[in-house]
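Text of final15.cif, listed as mmCIF, C-alpha atoms:
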data_model
#
loop_
_atom_site.label_atom_id
_atom_site.label_comp_id
_atom_site.auth_asym_id
_atom_site.auth_seq_id
_atom_site.Cartn_x
_atom_site.Cartn_y
_atom_site.Cartn_z
CA MET H 287 15.34 13.72 64.90
CA LYS H 288 13.65 10.68 63.36
CA LYS H 289 12.09 12.92 60.71
CA VAL H 290 15.50 14.32 59.81
CA VAL H 291 17.00 10.84 59.55
CA LEU H 292 14.06 9.68 57.41
CA PHE H 293 14.41 12.72 55.14
CA LEU H 294 18.15 12.14 54.70
CA THR H 295 17.57 8.44 53.99
CA ILE H 296 14.97 9.19 51.30
CA MET H 297 17.18 11.88 49.76
CA PHE H 298 20.16 9.47 49.72
CA MET H 299 18.06 6.74 48.08
CA THR H 300 16.78 9.21 45.48
CA MET H 301 20.30 10.41 44.66
CA SER H 302 21.56 6.84 44.49
CA TYR H 303 18.71 5.88 42.14
CA ALA H 304 19.39 8.89 39.90
CA GLN H 305 23.10 8.10 39.73
CA GLU H 306 22.36 4.45 39.00
CA ALA H 307 19.93 5.44 36.21
CA LYS H 308 22.53 7.68 34.64
CA GLN H 309 25.02 4.83 34.58
CA ILE H 310 22.84 2.59 32.39
CA PRO H 311 24.80 2.16 29.13
CA GLN H 312 22.72 3.52 26.30
CA ILE H 313 22.90 4.60 22.70
CA ASN H 314 20.73 7.42 21.32
CA VAL H 315 19.81 7.38 17.63
CA ASN H 316 17.32 8.99 15.26
CA GLY H 317 15.22 7.03 12.82
CA GLU H 318 13.22 8.07 9.75
CA GLY H 319 10.50 6.25 7.87
CA LYS H 320 9.11 7.30 4.48
CA VAL H 321 6.14 5.93 2.60
CA LYS H 322 5.00 7.13 -0.82
CA VAL H 323 1.55 6.52 -2.24
CA ALA H 324 -0.48 7.76 -5.19
CA PRO H 325 -3.48 9.92 -4.21
CA ASP H 326 -6.86 8.22 -4.56
CA GLN H 327 -9.12 11.23 -3.94
CA VAL H 328 -9.17 15.00 -4.34
CA CYS H 329 -10.66 17.69 -2.10
CA ILE H 330 -11.94 20.75 -3.97
CA SER H 331 -12.98 23.99 -2.32
CA ALA H 332 -15.03 26.04 -4.81
CA THR H 333 -16.79 29.38 -4.35
CA VAL H 334 -19.56 31.33 -6.06
CA GLU H 335 -19.01 35.06 -5.61
CA THR H 336 -21.52 37.69 -6.73
CA LYS H 337 -21.48 41.48 -6.38
CA GLY H 338 -24.04 44.21 -6.77
CA ASN H 339 -25.70 47.28 -5.29
CA ASN H 340 -28.75 45.54 -3.86
CA ALA H 341 -28.21 43.01 -1.06
CA LYS H 342 -31.38 41.04 -1.83
CA ASP H 343 -30.58 40.72 -5.53
CA VAL H 344 -26.97 39.79 -4.85
CA LYS H 345 -27.99 37.02 -2.49
CA LYS H 346 -30.65 35.77 -4.90
CA GLN H 347 -28.15 35.54 -7.76
CA ASN H 348 -25.71 33.74 -5.53
CA ASP H 349 -28.33 31.26 -4.31
CA GLU H 350 -29.42 30.50 -7.86
CA LYS H 351 -25.87 29.71 -8.96
CA ILE H 352 -25.22 27.56 -5.91
CA ASP H 353 -28.46 25.68 -6.58
CA ALA H 354 -27.24 24.90 -10.10
CA VAL H 355 -23.83 23.85 -8.76
CA LEU H 356 -25.34 21.47 -6.19
CA LYS H 357 -27.62 19.90 -8.78
CA PHE H 358 -24.64 19.35 -11.08
CA ILE H 359 -22.62 17.72 -8.27
CA LYS H 360 -25.51 15.34 -7.57
CA LYS H 361 -25.77 14.61 -11.29
CA MET H 362 -22.11 13.58 -11.18
CA ASN H 363 -23.16 10.90 -8.65
CA VAL H 364 -21.01 12.34 -5.89
CA PRO H 365 -22.37 10.88 -2.61
CA THR H 366 -24.20 13.36 -0.38
CA ALA H 367 -21.71 12.72 2.42
CA ASP H 368 -18.84 13.86 0.16
CA PHE H 369 -19.90 17.47 -0.42
CA LYS H 370 -21.10 20.23 1.88
CA THR H 371 -21.51 23.99 2.21
CA LYS H 372 -18.39 25.23 3.95
CA GLN H 373 -19.07 28.95 4.22
CA VAL H 374 -21.80 31.50 3.46
CA ALA H 375 -21.32 35.27 3.63
CA LEU H 376 -23.03 38.51 2.58
CA ASN H 377 -20.97 41.60 3.28
CA PRO H 378 -21.50 45.32 2.58
CA GLN H 379 -18.61 47.18 0.97
CA TYR H 380 -18.60 50.96 1.23
CA ASP H 381 -16.88 53.01 -1.45
CA TYR H 382 -15.70 56.21 0.22
CA GLU H 383 -14.96 57.92 -3.11
CA LYS H 384 -18.37 57.25 -4.63
CA LYS H 385 -20.05 57.26 -1.21
CA LYS H 386 -22.02 54.17 -2.14
CA THR H 387 -22.48 50.77 -0.56
CA SER H 388 -22.23 47.61 -2.64
CA TYR H 389 -22.63 44.00 -1.53
CA ASN H 390 -20.52 40.92 -1.93
CA ALA H 391 -22.06 37.45 -1.48
CA THR H 392 -20.04 34.25 -1.34
CA GLN H 393 -20.85 30.59 -0.81
CA THR H 394 -18.15 27.93 -0.65
CA ILE H 395 -18.72 24.26 -1.39
CA GLU H 396 -16.22 21.60 -0.35
CA ILE H 397 -16.22 18.43 -2.45
CA VAL H 398 -14.35 15.19 -1.89
CA LEU H 399 -14.11 13.37 -5.22
CA LYS H 400 -13.11 9.72 -4.81
CA ASP H 401 -13.17 8.89 -8.51
CA LEU H 402 -10.24 10.82 -10.01
CA SER H 403 -11.33 9.88 -13.55
CA LYS H 404 -14.19 12.38 -13.11
CA TYR H 405 -11.90 15.25 -12.08
CA ASP H 406 -11.77 17.06 -15.42
CA GLU H 407 -15.51 16.76 -16.02
CA LEU H 408 -16.30 17.97 -12.52
CA MET H 409 -14.01 20.99 -12.72
CA GLU H 410 -15.40 22.06 -16.10
CA GLY H 411 -18.98 21.62 -14.92
CA LEU H 412 -18.43 23.62 -11.74
CA VAL H 413 -17.20 26.59 -13.74
CA GLN H 414 -20.02 26.30 -16.27
CA GLN H 415 -22.64 26.23 -13.50
CA GLY H 416 -21.37 29.41 -11.83
CA ILE H 417 -18.30 28.67 -9.76
CA ASN H 418 -15.96 31.60 -10.32
CA ARG H 419 -13.32 30.91 -7.67
CA ILE H 420 -11.39 27.70 -6.99
CA ASP H 421 -9.88 28.23 -3.54
CA ARG H 422 -8.12 24.89 -3.09
CA VAL H 423 -7.43 21.63 -4.87
CA SER H 424 -5.80 19.05 -2.61
CA PHE H 425 -4.94 15.54 -3.75
CA GLU H 426 -5.13 13.14 -0.82
CA THR H 427 -5.20 9.49 0.21
CA SER H 428 -8.03 7.79 2.02
CA LYS H 429 -5.51 5.47 3.69
CA LEU H 430 -3.55 8.17 5.53
CA ALA H 431 -3.82 6.57 9.00
CA GLN H 432 -2.58 3.23 7.64
CA ILE H 433 0.33 4.90 5.84
CA GLU H 434 1.31 6.90 8.92
CA THR H 435 1.43 3.67 10.95
CA GLU H 436 3.68 2.08 8.32
CA ALA H 437 5.98 5.12 8.31
CA ARG H 438 6.31 5.03 12.12
CA LYS H 439 7.24 1.33 12.07
CA LEU H 440 9.87 2.00 9.40
CA ALA H 441 11.28 4.84 11.51
CA ILE H 442 11.71 2.52 14.52
CA LYS H 443 13.35 -0.14 12.33
CA ASP H 444 15.69 2.49 10.90
CA ALA H 445 16.67 3.64 14.42
CA LYS H 446 17.41 0.07 15.56
CA LEU H 447 19.46 -0.64 12.41
CA LYS H 448 21.57 2.47 13.02
CA ALA H 449 22.13 1.48 16.65
CA GLU H 450 23.23 -2.01 15.62
CA ASP H 451 25.64 -0.54 13.06
CA TYR H 452 27.26 1.66 15.69
CA VAL H 453 27.73 -0.99 18.38
CA SER H 454 28.67 -3.86 16.06
CA VAL H 455 32.37 -2.90 16.30
CA LEU H 456 32.26 -2.59 20.08
CA GLY H 457 31.40 -6.16 20.94
CA GLN H 458 28.07 -5.07 22.42
CA LYS H 459 24.46 -5.73 21.57
CA VAL H 460 21.42 -3.49 21.28
CA GLY H 461 18.92 -4.28 24.01
CA LYS H 462 15.47 -3.01 24.84
CA ALA H 463 14.37 0.51 24.00
CA TYR H 464 14.75 2.78 27.04
CA THR H 465 12.97 5.87 25.68
CA ILE H 466 11.15 6.66 22.43
CA SER H 467 10.32 10.19 21.26
CA ASP H 468 8.11 10.94 18.29
CA ASN H 469 9.62 13.91 16.42
CA THR H 470 7.24 13.79 13.47
CA GLN H 471 5.98 17.20 12.43
CA VAL H 472 2.22 17.48 12.09
CA TYR H 473 1.36 18.44 8.54
CA ARG H 474 -1.10 17.67 5.76
CA PRO H 475 0.83 15.65 3.17
CA GLN H 476 0.59 16.97 -0.37
CA PRO H 477 1.51 15.33 -3.66
CA MET H 478 4.80 16.37 -5.19
CA TYR H 479 2.97 17.99 -8.10
CA ALA H 480 -0.66 18.64 -8.95
CA ALA H 481 -1.84 20.54 -12.03
CA MET H 482 -5.35 21.71 -12.83
CA LYS H 483 -7.03 21.19 -16.17
CA SER H 484 -6.56 23.55 -19.06
CA MET H 485 -9.64 24.17 -21.20
CA ALA H 486 -7.58 23.99 -24.40
CA MET H 487 -8.45 21.32 -26.94
CA ASP H 488 -6.14 19.77 -29.49
CA THR H 489 -6.80 19.67 -33.23
CA ALA H 490 -8.49 16.27 -32.95
CA GLY H 491 -11.00 17.67 -30.51
CA ALA H 492 -9.78 15.60 -27.53
CA SER H 493 -8.80 17.24 -24.29
CA ASN H 494 -5.09 17.58 -23.56
CA GLU H 495 -3.44 15.64 -20.77
CA THR H 496 -3.66 18.05 -17.87
CA LEU H 497 -3.40 16.14 -14.61
CA ALA H 498 -0.15 15.09 -12.95
CA ILE H 499 -1.00 14.24 -9.37
CA GLY H 500 2.38 12.78 -8.42
CA GLU H 501 2.78 10.99 -5.09
CA ILE H 502 2.05 11.75 -1.46
CA GLU H 503 5.05 11.28 0.82
CA VAL H 504 4.41 10.58 4.51
CA VAL H 505 7.46 10.92 6.78
CA ALA H 506 7.85 9.81 10.42
CA ASN H 507 10.82 10.74 12.65
CA VAL H 508 11.72 9.22 16.01
CA SER H 509 14.50 9.41 18.60
CA VAL H 510 15.20 6.17 20.45
CA SER H 511 17.49 5.35 23.35
CA PHE H 512 18.49 1.68 23.44
CA ILE H 513 20.06 -0.09 26.40
CA LEU H 514 23.40 -1.67 25.54
CA GLU H 515 24.04 -5.26 26.59
#
Represent the structure contained in this file as structure tokens.
Amino acid sequence: MKKVVLFLTIMFMTMSYAQEAKQIPQINVNGEGKVKVAPDQVCISATVETKGNNAKDVKKQNDEKIDAVLKFIKKMNVPTADFKTKQVALNPQYDYEKKKTSYNATQTIEIVLKDLSKYDELMEGLVQQGINRIDRVSFETSKLAQIETEARKLAIKDAKLKAEDYVSVLGQKVGKAYTISDNTQVYRPQPMYAAMKSMAMDTAGASNETLAIGEIEVVANVSVSFILE
């Protein structure tokens, strides 16, 4: 009997607490924070691809081109920590019509260039040294974590401002935050526009303007429930 009474008492207290929690006056709002910044570095994924009928020769040709590419990157004074081999592959490809096997060798180098003034020279040199496939060019910021923090703070400020606007005509005040939900989508921010260099030269012999990196926009979204006072 005592156990039944204890169970009913606990259940009653739990229900009373839940009802009391539901009765807390609140306002729910969404907030958004945006921060724009110019990229200060570029990540380039470049590949040497060679094909042939002999696996050993194909690999040798590929290795020789990669060796030239790596030496060029070092000559450009790119720090060792800012470039690395991302992928190496040697695959047979069988032609059912000719009933012959050929081979395809690829090596991919990923480079982080922190001096954007060297972008054009680097891209031209990579191609000249044997790179025949540019897989990705991504303009980025080295201060992403700092910018994300700033965007989150702006989102919270935006949410509080909206809440204050809503309750200002009700004679109430916005109190402490009751719940905060981060609704920011995880993504890799990209600049609004990024163009690669054209090899064309003008009549004066100078290279044309070919790079428009735009701005990176970092967005944070939150949902906040404020207690009303």
(request) Have a look at H:Ala332, H:Leu402, H:Val455, H:Ala354 and name the one nearest to Thr371 in chain H; count all atoms listed in the file. (result)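 Closest to Thr371 in chain H of all the choices is H:Ala332.
Coordinates place CA of Ile397 in chain H at a distance of 5.9 Å from CA of Asp368 in chain H.
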(request) Kindly indicate which residue among H:Gln312, H:Asn348, H:Gln327, H:Asn377 lies nearest to Lys404 in chain H, using all atoms listed in the file for the distances. (result) H:Gln327
(message) Which residues are close to Ile420 in chain H, i.e. within 8 Å by all atoms listed in the file, leaving aside same-chain residues fewer than 4 positions away? Reply as JSON, numbers by chain.
(response) {"H": [330, 331, 332, 333]}
(message) Assuming the chain letters and numbering stay as they are in my file, what does the PyMOL selection byres ((chain H and resi 444) around 12) actually select? List them as a list in words.
(response)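 For this structure, the PyMOL selection byres ((chain H and resi 444) around 12) captures Val315, Asn316, Gly317, Glu318, Gly319, Lys320, Ala437, Arg438, Lys439, Leu440, Ala441, Ile442, Lys443, Ala445, Lys446, Leu447, Lys448, Ala449, Glu450, Asp451, Ala506, Asn507, Val508, Ser509 and Val510 of chain H.
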Residues within 12 Å of Lys400 in chain H, all atoms listed in the file, excluding chain neighbours under 3 positions, as an mmCIF file with C-alpha atoms, in the frame of the given file:
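So the final result, stored in part-v3.cif, reads:
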data_model
loop_
_atom_site.group_PDB
_atom_site.id
_atom_site.type_symbol
_atom_site.label_atom_id
_atom_site.label_comp_id
_atom_site.auth_asym_id
_atom_site.auth_seq_id
_atom_site.Cartn_x
_atom_site.Cartn_y
_atom_site.Cartn_z
ATOM 1 C CA PRO H 325 -3.480 9.920 -4.210
ATOM 2 C CA ASP H 326 -6.860 8.220 -4.560
ATOM 3 C CA GLN H 327 -9.120 11.230 -3.940
ATOM 4 C CA VAL H 328 -9.170 15.000 -4.340
ATOM 5 C CA CYS H 329 -10.660 17.690 -2.100
ATOM 6 C CA ILE H 330 -11.940 20.750 -3.970
ATOM 7 C CA MET H 362 -22.110 13.580 -11.180
ATOM 8 C CA ASN H 363 -23.160 10.900 -8.650
ATOM 9 C CA VAL H 364 -21.010 12.340 -5.890
ATOM 10 C CA PRO H 365 -22.370 10.880 -2.610
ATOM 11 C CA ALA H 367 -21.710 12.720 2.420
ATOM 12 C CA ASP H 368 -18.840 13.860 0.160
ATOM 13 C CA PHE H 369 -19.900 17.470 -0.420
ATOM 14 C CA ILE H 397 -16.220 18.430 -2.450
ATOM 15 C CA SER H 403 -11.330 9.880 -13.550
ATOM 16 C CA LYS H 404 -14.190 12.380 -13.110
ATOM 17 C CA TYR H 405 -11.900 15.250 -12.080
ATOM 18 C CA LEU H 408 -16.300 17.970 -12.520
ATOM 19 C CA PHE H 425 -4.940 15.540 -3.750
ATOM 20 C CA GLU H 426 -5.130 13.140 -0.820
ATOM 21 C CA THR H 427 -5.200 9.490 0.210
ATOM 22 C CA SER H 428 -8.030 7.790 2.020
#
(message) Using only C-alpha atoms, can you tell me which of H:Ser467, H:Gln393, H:Ser454, H:Ser424 comes closest to Val374 in chain H?
(response) H:Gln393
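For range 381-386 of chain H, the list of residues within 12 Å, based on only C-alpha atoms and with local chain neighbours fewer than 5 positions off taken out, reads Gly338, Asn339 and Asn340 of chain H.
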(request) For each of H:Glu503, H:Glu410, H:Glu515, H:Glu396, take the minimum atom-to-atom distance to Gly461 in chain H, counting all atoms listed in the file, then give the residue where this is smallest. (result) H:Glu515
(message) Please compute the CA of Val460 in chain H-CA of Ser511 in chain H distance, one decimal, in Å.
(response)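 Between CA of Val460 in chain H and CA of Ser511 in chain H the gap is 9.9 Å.
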(request) Identify, on the basis of only C-alpha atoms, every residue whose closest approach to Asn418 in chain H does not exceed 7 Å; exclude the query and any residue fewer than 4 positions from it along the same chain; express the result as a count of residues only. (result) 4
(message) Between CA of Ile310 in chain H and CA of Asp468 in chain H, what distance in Å does the model show, to one decimal?
(response)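 According to the coordinates, CA of Ile310 in chain H and CA of Asp468 in chain H are separated by 22.0 Å.
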Could you give me, as a short mmCIF file (atom, residue, chain, number, x, y, z; two decimals) with C-alpha atoms, in the coordinates of the input, the residues that sit within 8 Å of (-21.0, 40.3, -4.7) in the file's coordinates, counting all atoms listed in the file?
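Final file, part_5.cif:
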data_model
loop_
_atom_site.label_atom_id
_atom_site.label_comp_id
_atom_site.auth_asym_id
_atom_site.auth_seq_id
_atom_site.Cartn_x
_atom_site.Cartn_y
_atom_site.Cartn_z
CA GLU H 335 -19.01 35.06 -5.61
CA THR H 336 -21.52 37.69 -6.73
CA LYS H 337 -21.48 41.48 -6.38
CA GLY H 338 -24.04 44.21 -6.77
CA VAL H 344 -26.97 39.79 -4.85
CA LEU H 376 -23.03 38.51 2.58
CA SER H 388 -22.23 47.61 -2.64
CA TYR H 389 -22.63 44.00 -1.53
CA ASN H 390 -20.52 40.92 -1.93
CA ALA H 391 -22.06 37.45 -1.48
CA THR H 392 -20.04 34.25 -1.34
#
Can we get range 369-381 of chain H of that structure written down with all heavy atoms, as a PDB file, in the first residue's frame?
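Produced file decode01.pdb, reproduced below:
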ATOM      1  N   PHE H 369      51.348  21.438 -48.780  1.00  0.00           N
ATOM      2  CA  PHE H 369      51.020  20.606 -49.952  1.00  0.00           C
ATOM      3  C   PHE H 369      51.308  19.146 -49.617  1.00  0.00           C
ATOM      4  O   PHE H 369      52.211  18.836 -48.846  1.00  0.00           O
ATOM      5  CB  PHE H 369      51.780  21.061 -51.207  1.00  0.00           C
ATOM      6  CG  PHE H 369      53.272  20.907 -51.139  1.00  0.00           C
ATOM      7  CD1 PHE H 369      53.895  19.762 -51.617  1.00  0.00           C
ATOM      8  CD2 PHE H 369      54.076  21.923 -50.610  1.00  0.00           C
ATOM      9  CE1 PHE H 369      55.272  19.619 -51.569  1.00  0.00           C
ATOM     10  CE2 PHE H 369      55.449  21.793 -50.561  1.00  0.00           C
ATOM     11  CZ  PHE H 369      56.051  20.630 -51.035  1.00  0.00           C
ATOM     12  N   LYS H 370      50.507  18.268 -50.206  1.00  0.00           N
ATOM     13  CA  LYS H 370      50.649  16.837 -49.927  1.00  0.00           C
ATOM     14  C   LYS H 370      50.029  16.013 -51.049  1.00  0.00           C
ATOM     15  O   LYS H 370      49.177  16.490 -51.809  1.00  0.00           O
ATOM     16  CB  LYS H 370      49.963  16.483 -48.608  1.00  0.00           C
ATOM     17  CG  LYS H 370      48.463  16.757 -48.596  1.00  0.00           C
ATOM     18  CD  LYS H 370      47.852  16.456 -47.244  1.00  0.00           C
ATOM     19  CE  LYS H 370      46.365  16.794 -47.227  1.00  0.00           C
ATOM     20  NZ  LYS H 370      45.762  16.544 -45.894  1.00  0.00           N
ATOM     21  N   THR H 371      50.481  14.750 -51.137  1.00  0.00           N
ATOM     22  CA  THR H 371      49.892  13.812 -52.087  1.00  0.00           C
ATOM     23  C   THR H 371      48.569  13.330 -51.508  1.00  0.00           C
ATOM     24  O   THR H 371      48.516  12.802 -50.400  1.00  0.00           O
ATOM     25  CB  THR H 371      50.815  12.607 -52.328  1.00  0.00           C
ATOM     26  OG1 THR H 371      52.050  13.075 -52.863  1.00  0.00           O
ATOM     27  CG2 THR H 371      50.185  11.635 -53.310  1.00  0.00           C
ATOM     28  N   LYS H 372      47.508  13.533 -52.259  1.00  0.00           N
ATOM     29  CA  LYS H 372      46.171  13.201 -51.765  1.00  0.00           C
ATOM     30  C   LYS H 372      45.733  11.803 -52.199  1.00  0.00           C
ATOM     31  O   LYS H 372      45.076  11.088 -51.450  1.00  0.00           O
ATOM     32  CB  LYS H 372      45.170  14.234 -52.301  1.00  0.00           C
ATOM     33  CG  LYS H 372      43.804  14.179 -51.653  1.00  0.00           C
ATOM     34  CD  LYS H 372      43.832  14.683 -50.241  1.00  0.00           C
ATOM     35  CE  LYS H 372      42.433  14.761 -49.654  1.00  0.00           C
ATOM     36  NZ  LYS H 372      42.453  15.223 -48.247  1.00  0.00           N
ATOM     37  N   GLN H 373      46.139  11.418 -53.411  1.00  0.00           N
ATOM     38  CA  GLN H 373      45.685  10.126 -53.929  1.00  0.00           C
ATOM     39  C   GLN H 373      46.646   9.614 -54.991  1.00  0.00           C
ATOM     40  O   GLN H 373      47.174  10.386 -55.793  1.00  0.00           O
ATOM     41  CB  GLN H 373      44.274  10.259 -54.512  1.00  0.00           C
ATOM     42  CG  GLN H 373      43.663   8.951 -54.972  1.00  0.00           C
ATOM     43  CD  GLN H 373      42.240   9.139 -55.514  1.00  0.00           C
ATOM     44  OE1 GLN H 373      41.788  10.262 -55.703  1.00  0.00           O
ATOM     45  NE2 GLN H 373      41.552   8.052 -55.752  1.00  0.00           N
ATOM     46  N   VAL H 374      46.874   8.295 -54.992  1.00  0.00           N
ATOM     47  CA  VAL H 374      47.708   7.640 -55.998  1.00  0.00           C
ATOM     48  C   VAL H 374      46.962   6.404 -56.483  1.00  0.00           C
ATOM     49  O   VAL H 374      46.439   5.627 -55.679  1.00  0.00           O
ATOM     50  CB  VAL H 374      49.080   7.215 -55.417  1.00  0.00           C
ATOM     51  CG1 VAL H 374      49.900   6.499 -56.486  1.00  0.00           C
ATOM     52  CG2 VAL H 374      49.837   8.421 -54.883  1.00  0.00           C
ATOM     53  N   ALA H 375      46.902   6.227 -57.809  1.00  0.00           N
ATOM     54  CA  ALA H 375      46.184   5.064 -58.344  1.00  0.00           C
ATOM     55  C   ALA H 375      46.800   4.604 -59.659  1.00  0.00           C
ATOM     56  O   ALA H 375      47.299   5.413 -60.446  1.00  0.00           O
ATOM     57  CB  ALA H 375      44.707   5.407 -58.551  1.00  0.00           C
ATOM     58  N   LEU H 376      46.762   3.292 -59.875  1.00  0.00           N
ATOM     59  CA  LEU H 376      47.172   2.684 -61.141  1.00  0.00           C
ATOM     60  C   LEU H 376      46.163   1.592 -61.445  1.00  0.00           C
ATOM     61  O   LEU H 376      46.117   0.558 -60.775  1.00  0.00           O
ATOM     62  CB  LEU H 376      48.580   2.095 -61.035  1.00  0.00           C
ATOM     63  CG  LEU H 376      49.096   1.355 -62.273  1.00  0.00           C
ATOM     64  CD1 LEU H 376      49.181   2.311 -63.469  1.00  0.00           C
ATOM     65  CD2 LEU H 376      50.459   0.727 -61.997  1.00  0.00           C
ATOM     66  N   ASN H 377      45.346   1.825 -62.461  1.00  0.00           N
ATOM     67  CA  ASN H 377      44.230   0.916 -62.731  1.00  0.00           C
ATOM     68  C   ASN H 377      44.274   0.360 -64.157  1.00  0.00           C
ATOM     69  O   ASN H 377      44.515   1.102 -65.109  1.00  0.00           O
ATOM     70  CB  ASN H 377      42.902   1.646 -62.531  1.00  0.00           C
ATOM     71  CG  ASN H 377      42.722   2.149 -61.113  1.00  0.00           C
ATOM     72  OD1 ASN H 377      42.926   1.406 -60.162  1.00  0.00           O
ATOM     73  ND2 ASN H 377      42.345   3.418 -60.972  1.00  0.00           N
ATOM     74  N   PRO H 378      44.016  -0.951 -64.308  1.00  0.00           N
ATOM     75  CA  PRO H 378      43.903  -1.536 -65.649  1.00  0.00           C
ATOM     76  C   PRO H 378      42.534  -1.211 -66.244  1.00  0.00           C
ATOM     77  O   PRO H 378      41.532  -1.127 -65.529  1.00  0.00           O
ATOM     78  CB  PRO H 378      44.046  -3.037 -65.374  1.00  0.00           C
ATOM     79  CG  PRO H 378      43.539  -3.216 -63.986  1.00  0.00           C
ATOM     80  CD  PRO H 378      43.915  -1.961 -63.242  1.00  0.00           C
ATOM     81  N   GLN H 379      42.503  -1.013 -67.542  1.00  0.00           N
ATOM     82  CA  GLN H 379      41.248  -0.754 -68.239  1.00  0.00           C
ATOM     83  C   GLN H 379      41.176  -1.679 -69.450  1.00  0.00           C
ATOM     84  O   GLN H 379      41.984  -1.560 -70.379  1.00  0.00           O
ATOM     85  CB  GLN H 379      41.158   0.715 -68.668  1.00  0.00           C
ATOM     86  CG  GLN H 379      41.105   1.680 -67.497  1.00  0.00           C
ATOM     87  CD  GLN H 379      41.037   3.131 -67.926  1.00  0.00           C
ATOM     88  OE1 GLN H 379      41.529   3.503 -68.997  1.00  0.00           O
ATOM     89  NE2 GLN H 379      40.429   3.970 -67.101  1.00  0.00           N
ATOM     90  N   TYR H 380      40.225  -2.577 -69.424  1.00  0.00           N
ATOM     91  CA  TYR H 380      40.123  -3.581 -70.494  1.00  0.00           C
ATOM     92  C   TYR H 380      39.153  -3.116 -71.569  1.00  0.00           C
ATOM     93  O   TYR H 380      38.026  -2.723 -71.300  1.00  0.00           O
ATOM     94  CB  TYR H 380      39.651  -4.919 -69.915  1.00  0.00           C
ATOM     95  CG  TYR H 380      39.659  -6.042 -70.923  1.00  0.00           C
ATOM     96  CD1 TYR H 380      40.851  -6.596 -71.356  1.00  0.00           C
ATOM     97  CD2 TYR H 380      38.465  -6.518 -71.451  1.00  0.00           C
ATOM     98  CE1 TYR H 380      40.867  -7.616 -72.293  1.00  0.00           C
ATOM     99  CE2 TYR H 380      38.462  -7.534 -72.388  1.00  0.00           C
ATOM    100  CZ  TYR H 380      39.669  -8.083 -72.808  1.00  0.00           C
ATOM    101  OH  TYR H 380      39.669  -9.104 -73.735  1.00  0.00           O
ATOM    102  N   ASP H 381      39.620  -3.145 -72.808  1.00  0.00           N
ATOM    103  CA  ASP H 381      38.807  -2.792 -73.965  1.00  0.00           C
ATOM    104  C   ASP H 381      38.253  -4.079 -74.563  1.00  0.00           C
ATOM    105  O   ASP H 381      38.998  -4.874 -75.155  1.00  0.00           O
ATOM    106  CB  ASP H 381      39.655  -2.043 -75.002  1.00  0.00           C
ATOM    107  CG  ASP H 381      38.806  -1.467 -76.129  1.00  0.00           C
ATOM    108  OD1 ASP H 381      37.780  -2.084 -76.477  1.00  0.00           O
ATOM    109  OD2 ASP H 381      39.179  -0.416 -76.670  1.00  0.00           O
TER     110      ASP H 381
END
